[in-house]
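First comes the structure, then the notes that go with it.
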Amino acid sequence: MSSAAEQEAVAGEQAAEDGRPAVVTGGRRRAAPPPAAPAWPGTAVPLGARYRDGPVGEAGTNFALWAGGAEAVELCLFDERGTESRRRLTELTHEIWHGFVPGVGPGQRYGFRVRGRWDPWTGARWNPAKLLLDPYARAVDGDFALPPEVYGHVRDWPEQHVADTVRDDRDSAPFVPKGVVVHDDDDWSDDHRPKTPWADSVIYELHVRGFTKLHPGIPEELRGTYAGLAHPAAIEHLTRLGVTAVELLPVHQFAHEDHLLRRGLKNYWGYNSIGYFAPHAGYAASGTTGGQVGEFKRMVRALHAAGIEVILDVVYNHTAEAGELGPMLSLKGIDNRGYYRLQPDARRYADYTGCGNTLSVVQPHVLRLITDSLRYWVTEMGVDGFRFDLAAALARSMHDVDMLSPFLAVIAQDPVLRRVKLIAEPWDVGSGGYQVGAFPPLWTEWNDRYRDAVRDFWRHALPDVREMGYRLSGSSDLYAWGGRRPQASVNFVTAHDGFTLRDLVSYGRKHNEANGEGNRDGSDDNRSWNCGVEGETDDADVLALRRRQLRNLLTTLLLSTGVPMLVAGDEMGRTQRGSNNAYCQDNEISWVDWSLLDDPGWRQLCELTGRLIALRHRHPVLRRRAFFSGRPHSADGLRDLAWFTARGTEMTERDWYAPAATLGMYLSGRDIPGRDERGAPIVDDSFLAVLHAGDRPAEFALPGAPWAREYEVVVDTGGEEQATAPGTVHRAGAPITVPARTVLLLRVSS
């Protein structure tokens, strides 16, 4: 070895093998703290910090930490001035270090220092100079900054290819947040979960901060917080729309990436978790020393009281510690090899997430961490379900995605978790990671094929209507196996990741310049159409066309079989100014602009959304619990689902493969499988939906007998200047003119 860096790396390795501290060139060593007194023995369960009565009736806190390969663990307690005192956890039970400290109560800030070998070549990265966050901390106090001191290695080592092998012995405690002891004996006896059936659900994806930050009806001091979302003004909008569940972007404690902080930005979305039990402190109006826990619970109660379920977007596939050049905040310093998937070259991390690391869910203690966290949020925080970010990464066994993996098997048999709503983002970035339609029957999935088909249809980019037929009717080609039902498909046109609905019809390409990455970030596959002008315009014809397209997209979504998901603000024309990757834009680009409702046009769009959701709630034929059969169920030969061409004839095999811009879908309300709560057959109106994506009006012949005697217009998205008024009746068999780019929903009269 010729370089100084390589010689230093060898010296560090040899020092680790000899049990001596590694010397860091340029590093500043602290004066050694006073010897740590041992804690009382305590118990190995439960993990984390639990306030309780001790063995002789003296109140205190039990601390327990799994650190399988560690040589020693110290509990570090911090007073209000930040002065640190330490207690040794001398008891070791099944790789769990534990101890009880009398007199320590709620509000106490703490962390751990874990001792062991520094040997990055074998994946060992213990460094007692780094204060580590308890993975089971229920509250976190302080912000994550990323100065050099919070890295286990010398971050700024001149030769970066070996920087991760050179240990940094500077104390990180002044620069990292601390866990907070929390005590809450809330038994939820006064809470009533809505328990909305999947088939009746309408999901509304929102960001706690972004949804409330600009709301004029929420007191300013509560905007951007859990308390703000619990405020009657926020809940009133949700109930007026008629949504049944909010899906919150990540609310686990998260950290900001170094590359964002260097550019003066922050991680806004929150997909960078570091504390799986702690509500993100930045969203709390009640402070960060434990009050955030109660505030989150009060938010859940308020939403439940309004009949709205709470689903959390959770990120158990990776953590904020990134790869070998990332910071040391928690798991990396507790037992790097025990928590993360490593490559054969154990210095490197297996990265199926695109975020630098992947949790090793095949390890029992990692699986326990995740399932303990999930159960905690259900039983003690009151949530109703979870959407799992990059769920395919959690379903990997050793390397490949495995639908019999430990994670999926444990969830399936867990008496708490198998009863809540479980949504998979059914892909990751690794080989074989795309798994849409493959998750087991307990799961519902984000259906990106629905998104792509609907976008392509309304920009008239589908070669034929086969794909559209499957997506409108519940995606049976993907989910009709193993007892799965149409609600296995979460139908969406937009999500937090990508264009807003308004931008989808206003921009032909992404505009992510504000992220400071040269517009290289974000997908180039947007399937958008700007209606002839890029971005904002005052052209009246273009604006009218865009609003019609918005009506078409929303109507299509809410008439489709499956579980619809809306994104906060899409119902009122929210724009991100062409950004399709606003993950680091904690500003007006991302926040919901409530002043849009002052515009009559956007207010009408919001009202239409509410009417469509109400229509869906009233009519079980629009939210079927079983797939259509397409076969006759009565003597007159009517089927539960039929498809029609613009000629008014039933679709043939040839029609499905022919280019077409118009599709008719007949939904029979007489043939709905299942029975109601009293055991009676479910009977509803029948409907004909006509979707026309062509740029010119088209004639459509309404199907005659035996399908209908006449048809009544219920919804017409054509616009006030063209639309047939709701309530207008057309005779069966007669031709009607469908305006360009329009959805018609007609009620059948027999």
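Just remember, in the structure tokens the first chain shown is A, the second B, etc., residues are 1-based per chain, and ligands are 1-based in the order shown.
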_Members of segment 336-504 of chain A assigned alpha helix (DSSP H) by DSSP, as number ranges by chain_ = A: 336-339, 364-379, 391-394, 406-413, 448-458, 466-472, 476-479, 501-504
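With only C-alpha atoms taken into account, the protein and nucleic acid residues at most 7 Å from Val73 of chain A (excluding it and anything under 5 positions from it in its own chain) are Arg88, Leu89, Trp97, Phe112, Arg113, Val114 and Arg115 of chain A.
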*Output as a count of residues only all residues of segment 300-537 of chain A that backbone DSSP marks as strand (DSSP E or B).*
28
*Selection near Phe144 of chain A, 7 Å with only C-alpha atoms, sequence-local residues under 5 positions removed, as a list of chain:residue names*: A:Val176, A:Pro177, A:Ala255, A:His256
Mind writing the picked residues with N, CA and C atoms as a PDB file, in the first residue's frame?
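Output file result34.pdb is given in full below:
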ATOM      1  N   VAL A 176     -26.870  15.449  17.696  1.00  0.00           N
ATOM      2  CA  VAL A 176     -27.927  14.505  17.305  1.00  0.00           C
ATOM      3  C   VAL A 176     -29.093  14.594  18.284  1.00  0.00           C
ATOM      4  N   PRO A 177     -30.294  14.294  17.816  1.00  0.00           N
ATOM      5  CA  PRO A 177     -31.460  14.267  18.698  1.00  0.00           C
ATOM      6  C   PRO A 177     -31.365  13.123  19.710  1.00  0.00           C
ATOM      7  N   ALA A 255     -35.089  11.974   9.057  1.00  0.00           N
ATOM      8  CA  ALA A 255     -33.947  12.887   8.997  1.00  0.00           C
ATOM      9  C   ALA A 255     -33.806  13.416   7.578  1.00  0.00           C
ATOM     10  N   HIS A 256     -33.057  14.488   7.443  1.00  0.00           N
ATOM     11  CA  HIS A 256     -32.809  15.098   6.140  1.00  0.00           C
ATOM     12  C   HIS A 256     -31.472  14.620   5.593  1.00  0.00           C
TER      13      HIS A 256
END
Using only C-alpha atoms, tabulate the residues of segment 581-653 of chain A lying at most 12 Å from any atom of segment 685-706 of chain A, each with its closest atom pair and that distance in Å to one decimal, by chain and increasing residue number, as a tab-separated table.
residue	atom	partner	partner_atom	distance
A:Leu615	CA	A:Asp685	CA	11.4
A:Arg616	CA	A:Asp685	CA	11.9
A:Arg618	CA	A:Asp685	CA	10.1
A:His619	CA	A:Asp685	CA	7.4
A:Pro620	CA	A:Asp685	CA	8.9
A:Val621	CA	A:Ser686	CA	7.5
A:Leu622	CA	A:Phe687	CA	9.2
A:Ser634	CA	A:Pro706	CA	11.3
A:Ala635	CA	A:Pro706	CA	10.7
A:Asp636	CA	A:Pro706	CA	7.0
A:Gly637	CA	A:Pro706	CA	8.0
A:Leu638	CA	A:Pro706	CA	7.3
A:Arg639	CA	A:Pro706	CA	10.6
A:Asp640	CA	A:Ser686	CA	9.3
A:Leu641	CA	A:Leu688	CA	9.9
A:Ala642	CA	A:Leu688	CA	9.3
A:Trp643	CA	A:Leu688	CA	9.4
A:Phe644	CA	A:Pro703	CA	7.9
A:Thr645	CA	A:Phe700	CA	7.9
A:Ala646	CA	A:Phe700	CA	4.5
A:Arg647	CA	A:Ala701	CA	5.3
A:Gly648	CA	A:Ala701	CA	4.5
A:Thr649	CA	A:Pro703	CA	7.0
A:Glu650	CA	A:Pro703	CA	8.6
A:Met651	CA	A:Pro703	CA	11.9
*Rounded to one decimal place, report the atom CA of Asp200 of chain A-atom CA of Val243 of chain A distance in Å.*
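Between these atoms lies a distance of 9.8 Å.
The closest residue to Asp456 of chain A, picked from A:Arg527, A:His280, A:His161, A:His153 and counting only C-alpha atoms, is A:Arg527.
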*Counting only C-alpha atoms, which of A:Ala424, A:Val251, A:Val208, A:Cys584 gets nearest to Gly516 of chain A?*
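Between A:Ala424, A:Val251, A:Val208, A:Cys584, the residue approaching Gly516 of chain A most closely is A:Cys584.
Counting only C-alpha atoms, the residue from A:Ala488, A:Val202, A:Ala72, A:Val567 that sits nearest to Gly307 of chain A is A:Val202.
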_Excluding segment 600-603 of chain A and its own-chain neighbours fewer than 6 positions away, which residues fall within 10 Å of it when counting only C-alpha atoms? Please give them as a PyMOL selection string._
chain A and resi 544+547+570-574+609
Could you turn the residues from that selection into a file that holds all heavy atoms, as a PDB file, in the first residue's frame?
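Resulting contents of again32.pdb:
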ATOM      1  N   ALA A 544     -60.238  25.794 -20.805  1.00  0.00           N
ATOM      2  CA  ALA A 544     -61.485  25.027 -20.800  1.00  0.00           C
ATOM      3  C   ALA A 544     -61.216  23.547 -21.068  1.00  0.00           C
ATOM      4  O   ALA A 544     -61.816  22.666 -20.433  1.00  0.00           O
ATOM      5  CB  ALA A 544     -62.445  25.591 -21.842  1.00  0.00           C
ATOM      6  N   ARG A 547     -59.669  21.891 -17.929  1.00  0.00           N
ATOM      7  CA  ARG A 547     -60.638  21.609 -16.867  1.00  0.00           C
ATOM      8  C   ARG A 547     -61.549  20.450 -17.254  1.00  0.00           C
ATOM      9  O   ARG A 547     -61.955  19.663 -16.395  1.00  0.00           O
ATOM     10  CB  ARG A 547     -61.430  22.873 -16.537  1.00  0.00           C
ATOM     11  CG  ARG A 547     -60.541  23.969 -15.959  1.00  0.00           C
ATOM     12  CD  ARG A 547     -61.295  25.010 -15.181  1.00  0.00           C
ATOM     13  NE  ARG A 547     -60.400  26.058 -14.704  1.00  0.00           N
ATOM     14  CZ  ARG A 547     -60.719  26.985 -13.820  1.00  0.00           C
ATOM     15  NH1 ARG A 547     -61.926  26.997 -13.297  1.00  0.00           N
ATOM     16  NH2 ARG A 547     -59.849  27.891 -13.436  1.00  0.00           N
ATOM     17  N   ASP A 570     -55.911  17.884  -5.473  1.00  0.00           N
ATOM     18  CA  ASP A 570     -56.273  17.621  -6.867  1.00  0.00           C
ATOM     19  C   ASP A 570     -57.717  18.012  -7.147  1.00  0.00           C
ATOM     20  O   ASP A 570     -58.058  18.387  -8.281  1.00  0.00           O
ATOM     21  CB  ASP A 570     -56.072  16.141  -7.196  1.00  0.00           C
ATOM     22  CG  ASP A 570     -54.644  15.815  -7.606  1.00  0.00           C
ATOM     23  OD1 ASP A 570     -53.834  16.756  -7.735  1.00  0.00           O
ATOM     24  OD2 ASP A 570     -54.333  14.627  -7.795  1.00  0.00           O
ATOM     25  N   GLU A 571     -58.565  17.952  -6.133  1.00  0.00           N
ATOM     26  CA  GLU A 571     -59.977  18.279  -6.322  1.00  0.00           C
ATOM     27  C   GLU A 571     -60.204  19.776  -6.480  1.00  0.00           C
ATOM     28  O   GLU A 571     -61.316  20.201  -6.808  1.00  0.00           O
ATOM     29  CB  GLU A 571     -60.802  17.750  -5.133  1.00  0.00           C
ATOM     30  CG  GLU A 571     -60.631  18.519  -3.832  1.00  0.00           C
ATOM     31  CD  GLU A 571     -59.403  18.134  -3.022  1.00  0.00           C
ATOM     32  OE1 GLU A 571     -58.524  17.410  -3.551  1.00  0.00           O
ATOM     33  OE2 GLU A 571     -59.323  18.543  -1.848  1.00  0.00           O
ATOM     34  N   MET A 572     -59.157  20.571  -6.254  1.00  0.00           N
ATOM     35  CA  MET A 572     -59.303  22.020  -6.394  1.00  0.00           C
ATOM     36  C   MET A 572     -58.235  22.625  -7.296  1.00  0.00           C
ATOM     37  O   MET A 572     -57.999  23.825  -7.290  1.00  0.00           O
ATOM     38  CB  MET A 572     -59.273  22.692  -5.016  1.00  0.00           C
ATOM     39  CG  MET A 572     -57.975  22.519  -4.252  1.00  0.00           C
ATOM     40  SD  MET A 572     -57.970  23.289  -2.599  1.00  0.00           S
ATOM     41  CE  MET A 572     -58.707  22.001  -1.612  1.00  0.00           C
ATOM     42  N   GLY A 573     -57.560  21.798  -8.083  1.00  0.00           N
ATOM     43  CA  GLY A 573     -56.618  22.322  -9.070  1.00  0.00           C
ATOM     44  C   GLY A 573     -55.271  22.733  -8.511  1.00  0.00           C
ATOM     45  O   GLY A 573     -54.649  23.672  -9.026  1.00  0.00           O
ATOM     46  N   ARG A 574     -54.767  22.014  -7.503  1.00  0.00           N
ATOM     47  CA  ARG A 574     -53.443  22.343  -6.971  1.00  0.00           C
ATOM     48  C   ARG A 574     -52.368  22.109  -8.023  1.00  0.00           C
ATOM     49  O   ARG A 574     -52.411  21.136  -8.770  1.00  0.00           O
ATOM     50  CB  ARG A 574     -53.137  21.477  -5.737  1.00  0.00           C
ATOM     51  CG  ARG A 574     -51.806  21.800  -5.064  1.00  0.00           C
ATOM     52  CD  ARG A 574     -51.615  20.972  -3.809  1.00  0.00           C
ATOM     53  NE  ARG A 574     -51.238  19.601  -4.104  1.00  0.00           N
ATOM     54  CZ  ARG A 574     -49.969  19.187  -4.214  1.00  0.00           C
ATOM     55  NH1 ARG A 574     -48.965  20.052  -4.091  1.00  0.00           N
ATOM     56  NH2 ARG A 574     -49.703  17.924  -4.467  1.00  0.00           N
ATOM     57  N   THR A 609     -66.207  16.640  -7.461  1.00  0.00           N
ATOM     58  CA  THR A 609     -65.546  15.527  -6.789  1.00  0.00           C
ATOM     59  C   THR A 609     -66.407  15.002  -5.651  1.00  0.00           C
ATOM     60  O   THR A 609     -66.582  13.786  -5.496  1.00  0.00           O
ATOM     61  CB  THR A 609     -64.168  15.957  -6.263  1.00  0.00           C
ATOM     62  OG1 THR A 609     -63.398  16.510  -7.337  1.00  0.00           O
ATOM     63  CG2 THR A 609     -63.421  14.779  -5.662  1.00  0.00           C
TER      64      THR A 609
END
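Minimum atom-to-atom distances from A:Ala173, A:Ser629, A:Arg117, A:Ser201 to Ser85 of chain A were compared using only C-alpha atoms, and the lowest value belongs to A:Ala173.
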*Quick one: residues within 6 Å of segment 347-356 of chain A, only C-alpha atoms counted, chain neighbours fewer than 6 positions away excluded, as an MDAnalysis selection string?*
chainID A and resid 120:121 123 322:323 341 428:430
Please produce a file of those selected residues containing C-alpha atoms, as a tab-separated table (two decimals), in the first residue's frame.
chain	number	residue	atom	x	y	z
A	120	PRO	CA	-15.62	-2.27	8.20
A	121	TRP	CA	-14.18	-5.02	6.02
A	123	GLY	CA	-19.28	-5.05	8.33
A	322	ALA	CA	-27.72	5.59	3.88
A	323	GLY	CA	-24.72	3.51	2.73
A	341	ARG	CA	-28.31	-6.36	4.15
A	428	ASP	CA	-38.58	-1.84	-5.46
A	429	VAL	CA	-35.55	-0.87	-7.55
A	430	GLY	CA	-33.82	-4.26	-7.46
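Closest approach to Glu588 of chain A among A:Gly437, A:Pro406, A:Pro681, A:Gly210: A:Gly210, based on only C-alpha atoms.
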